[in-house]
Amino acid sequence: MMANELMRDRWLADPFSDWLDAGPTNDLPTDIEETADAYIARLNVPGVTKDQIDLNYQNQQLTVAVQKSAEAGNHNYLIQERPQAAAKRAFRLPNVAANAITADLTAGVLTITLPKLTQAAADHQIPIA
(Lines give C-alpha, C1' and ligand atoms only; values in the text may rest on other atoms or scores of the structure.)
Protein backbone atom coordinates (compact mmCIF):
# COMPACT_ATOMS: atom_id res chain seq x y z
CA MET A 1 0.00 0.00 0.00
CA MET A 2 1.44 3.34 -0.99
CA ALA A 3 1.54 6.42 1.24
CA ASN A 4 -1.07 8.25 -0.84
CA GLU A 5 -3.43 5.26 -0.47
CA LEU A 6 -3.06 5.47 3.32
CA MET A 7 -3.80 9.21 3.16
CA ARG A 8 -6.84 8.55 0.97
CA ASP A 9 -8.15 5.89 3.35
CA ARG A 10 -7.63 8.22 6.31
CA TRP A 11 -9.52 10.96 4.51
CA LEU A 12 -12.37 8.58 3.61
CA ALA A 13 -12.62 7.47 7.24
CA ASP A 14 -12.90 11.09 8.43
CA PRO A 15 -12.90 13.64 5.59
CA PHE A 16 -12.86 16.67 7.92
CA SER A 17 -10.00 15.57 10.19
CA ASP A 18 -7.27 17.13 8.04
CA TRP A 19 -9.13 20.42 7.85
CA LEU A 20 -9.61 20.54 11.59
CA ASP A 21 -6.07 19.36 12.39
CA ALA A 22 -3.38 21.61 11.02
CA GLY A 23 -0.81 18.84 11.38
CA PRO A 24 -0.06 15.53 12.99
CA THR A 25 -1.28 14.92 16.47
CA ASN A 26 1.16 15.61 19.29
CA ASP A 27 -0.43 13.03 21.58
CA LEU A 28 1.17 9.98 19.96
CA PRO A 29 3.61 11.01 17.23
CA THR A 30 3.80 8.10 14.80
CA ASP A 31 5.84 6.88 11.86
CA ILE A 32 4.61 3.95 9.77
CA GLU A 33 7.03 2.29 7.39
CA GLU A 34 6.03 -0.21 4.73
CA THR A 35 8.47 -2.92 3.69
CA ALA A 36 7.94 -5.80 1.30
CA ASP A 37 7.00 -8.10 4.19
CA ALA A 38 5.46 -5.89 6.88
CA TYR A 39 4.23 -2.57 8.18
CA ILE A 40 6.34 -1.17 11.01
CA ALA A 41 4.72 1.43 13.26
CA ARG A 42 6.79 3.47 15.70
CA LEU A 43 5.05 5.64 18.27
CA ASN A 44 6.64 7.97 20.80
CA VAL A 45 5.32 7.10 24.26
CA PRO A 46 7.85 8.55 26.72
CA GLY A 47 7.27 7.73 30.37
CA VAL A 48 4.64 5.09 29.57
CA THR A 49 4.86 1.47 30.70
CA LYS A 50 3.57 -1.48 28.70
CA ASP A 51 0.74 -1.88 31.24
CA GLN A 52 -0.59 1.53 30.17
CA ILE A 53 -0.82 0.55 26.47
CA ASP A 54 -3.67 -1.32 24.78
CA LEU A 55 -3.03 -2.65 21.26
CA ASN A 56 -5.75 -4.08 19.05
CA TYR A 57 -5.94 -5.17 15.41
CA GLN A 58 -9.46 -5.69 14.15
CA ASN A 59 -11.21 -5.16 10.80
CA GLN A 60 -7.90 -4.21 9.13
CA GLN A 61 -7.33 -1.44 11.66
CA LEU A 62 -4.56 -1.09 14.24
CA THR A 63 -5.66 0.79 17.35
CA VAL A 64 -3.21 2.05 19.95
CA ALA A 65 -4.60 3.44 23.21
CA VAL A 66 -2.39 4.87 25.94
CA GLN A 67 -3.57 5.71 29.44
CA LYS A 68 -1.25 8.30 30.96
CA SER A 69 -1.78 8.81 34.65
CA ALA A 70 -1.67 12.29 36.12
CA GLU A 71 0.99 13.00 38.70
CA ALA A 72 -0.27 12.69 42.25
CA GLY A 73 -0.37 15.71 44.49
CA ASN A 74 -1.34 19.34 44.31
CA HIS A 75 1.01 21.21 41.96
CA ASN A 76 1.23 24.90 41.16
CA TYR A 77 2.42 24.62 37.56
CA LEU A 78 3.74 27.67 35.74
CA ILE A 79 3.81 25.66 32.51
CA GLN A 80 2.29 22.22 31.96
CA GLU A 81 2.83 20.82 28.47
CA ARG A 82 3.31 17.12 29.09
CA PRO A 83 0.09 15.24 28.29
CA GLN A 84 -1.65 13.82 31.37
CA ALA A 85 -4.66 12.24 29.69
CA ALA A 86 -5.43 9.22 27.57
CA ALA A 87 -4.51 9.20 23.89
CA LYS A 88 -5.70 6.98 21.07
CA ARG A 89 -4.71 6.51 17.44
CA ALA A 90 -6.09 4.21 14.74
CA PHE A 91 -4.55 3.25 11.40
CA ARG A 92 -6.00 1.22 8.53
CA LEU A 93 -3.42 -1.40 7.54
CA PRO A 94 -4.92 -4.15 5.36
CA ASN A 95 -3.68 -7.67 4.64
CA VAL A 96 -1.96 -8.22 7.98
CA ALA A 97 -1.26 -11.62 9.52
CA ALA A 98 -2.94 -10.69 12.79
CA ASN A 99 -1.66 -13.69 14.74
CA ALA A 100 1.95 -12.71 13.93
CA ILE A 101 1.88 -9.07 15.10
CA THR A 102 4.62 -8.22 17.60
CA ALA A 103 5.25 -5.17 19.75
CA ASP A 104 8.26 -3.89 21.68
CA LEU A 105 8.61 -0.93 24.05
CA THR A 106 12.17 0.37 24.32
CA ALA A 107 13.41 3.79 25.45
CA GLY A 108 9.98 5.41 25.11
CA VAL A 109 9.35 4.14 21.57
CA LEU A 110 6.65 1.57 20.90
CA THR A 111 7.52 -0.47 17.80
CA ILE A 112 4.74 -2.60 16.32
CA THR A 113 5.57 -5.00 13.49
CA LEU A 114 2.59 -6.14 11.45
CA PRO A 115 3.65 -8.88 8.99
CA LYS A 116 1.75 -8.88 5.72
CA LEU A 117 -0.21 -11.93 4.68
CA THR A 118 1.66 -14.08 2.24
CA GLN A 119 -0.08 -15.02 -0.97
CA ALA A 120 -0.26 -18.59 0.31
CA ALA A 121 -2.04 -17.43 3.46
CA ALA A 122 -4.32 -15.03 1.61
CA ASP A 123 -5.42 -17.56 -1.01
CA HIS A 124 -6.42 -20.87 0.46
CA GLN A 125 -8.02 -23.70 -1.45
CA ILE A 126 -10.72 -25.37 0.64
CA PRO A 127 -11.22 -29.04 -0.22
CA ILE A 128 -14.75 -30.40 -0.26
CA ALA A 129 -15.13 -33.67 1.61
# chains A, B, ... in the order shown; residues from 1 in each chain; ligands from 1
>>> residues_around(residues="Leu43 (chain A)", least_positions_apart="5", cutoff="9 Å", atoms="only C-alpha atoms", output="tab-separated table (two decimals) with N, CA and C atoms, in the first residue's frame")
chain	number	residue	atom	x	y	z
A	28	LEU	N	0.42	11.20	20.24
A	28	LEU	CA	1.17	9.98	19.96
A	28	LEU	C	1.85	10.13	18.60
A	29	PRO	N	2.93	10.87	18.52
A	29	PRO	CA	3.61	11.01	17.23
A	29	PRO	C	3.98	9.64	16.68
A	30	THR	N	3.69	9.43	15.40
A	30	THR	CA	3.80	8.10	14.80
A	30	THR	C	4.48	8.16	13.45
A	31	ASP	N	5.30	7.15	13.19
A	31	ASP	CA	5.84	6.88	11.86
A	31	ASP	C	5.39	5.48	11.50
A	32	ILE	N	4.95	5.29	10.25
A	32	ILE	CA	4.61	3.95	9.77
A	32	ILE	C	5.39	3.72	8.49
A	108	GLY	N	11.07	4.50	25.41
A	108	GLY	CA	9.98	5.41	25.11
A	108	GLY	C	9.44	5.34	23.70
A	109	VAL	N	9.86	4.32	22.93
A	109	VAL	CA	9.35	4.14	21.57
A	109	VAL	C	8.68	2.78	21.48
A	110	LEU	N	7.41	2.79	21.11
A	110	LEU	CA	6.65	1.57	20.90
A	110	LEU	C	6.78	1.19	19.43
A	111	THR	N	7.35	0.01	19.17
A	111	THR	CA	7.52	-0.47	17.80
A	111	THR	C	6.59	-1.66	17.60
A	112	ILE	N	5.70	-1.54	16.62
A	112	ILE	CA	4.74	-2.60	16.32
A	112	ILE	C	5.04	-3.10	14.91
>>> select_by_dssp(residues="region 39-124 of chain A", states="alpha helix (DSSP H)", output="ChimeraX atom specification")
/A:119-122
>>> write_last_selection(atoms="N, CA, C and O atoms", output="PDB file, in the first residue's frame")
ATOM      1  N   GLN A 119       0.912 -14.606   0.022  1.00  0.00           N
ATOM      2  CA  GLN A 119      -0.080 -15.022  -0.969  1.00  0.00           C
ATOM      3  C   GLN A 119      -0.643 -16.381  -0.605  1.00  0.00           C
ATOM      4  O   GLN A 119      -1.827 -16.630  -0.758  1.00  0.00           O
ATOM      5  N   ALA A 120       0.209 -17.253  -0.078  1.00  0.00           N
ATOM      6  CA  ALA A 120      -0.259 -18.588   0.315  1.00  0.00           C
ATOM      7  C   ALA A 120      -1.289 -18.501   1.430  1.00  0.00           C
ATOM      8  O   ALA A 120      -2.263 -19.245   1.455  1.00  0.00           O
ATOM      9  N   ALA A 121      -1.089 -17.568   2.368  1.00  0.00           N
ATOM     10  CA  ALA A 121      -2.040 -17.432   3.464  1.00  0.00           C
ATOM     11  C   ALA A 121      -3.308 -16.719   3.008  1.00  0.00           C
ATOM     12  O   ALA A 121      -4.391 -16.988   3.488  1.00  0.00           O
ATOM     13  N   ALA A 122      -3.161 -15.789   2.072  1.00  0.00           N
ATOM     14  CA  ALA A 122      -4.318 -15.033   1.608  1.00  0.00           C
ATOM     15  C   ALA A 122      -5.236 -15.879   0.737  1.00  0.00           C
ATOM     16  O   ALA A 122      -6.457 -15.791   0.833  1.00  0.00           O
TER      17      ALA A 122
END
>>> residues_around(residues="region 82-99 of chain A", least_positions_apart="2", cutoff="7 Å", atoms="only C-alpha atoms", output="list in words")
Asp27, Leu28, Tyr57, Gln60, Gln61, Leu62, Thr63, Val64, Ala65, Val66, Gln67, Lys68, Ser69, Ala70, Gln80, Ile101, Leu114, Pro115, Lys116 and Leu117 of chain A
>>> select_by_dssp(residues="region 70-111 of chain A", states="strand (DSSP E or B)", output="ChimeraX atom specification")
/A:87-92,96,102-106,109-111
>>> closest_residue(among="A:Glu33, A:Ala103, A:Thr118, A:Pro127", to="Asn56 (chain A)", atoms="only C-alpha atoms")
A:Ala103
>>> atom_distance(atom1="CA of Thr106 (chain A)", atom2="CA of Tyr77 (chain A)")
29.3 Å
>>> atom_distance(atom1="CA of Ala107 (chain A)", atom2="CA of Gly47 (chain A)")
8.8 Å
>>> atom_distance(atom1="CA of Leu55 (chain A)", atom2="CA of Asp104 (chain A)")
11.4 Å
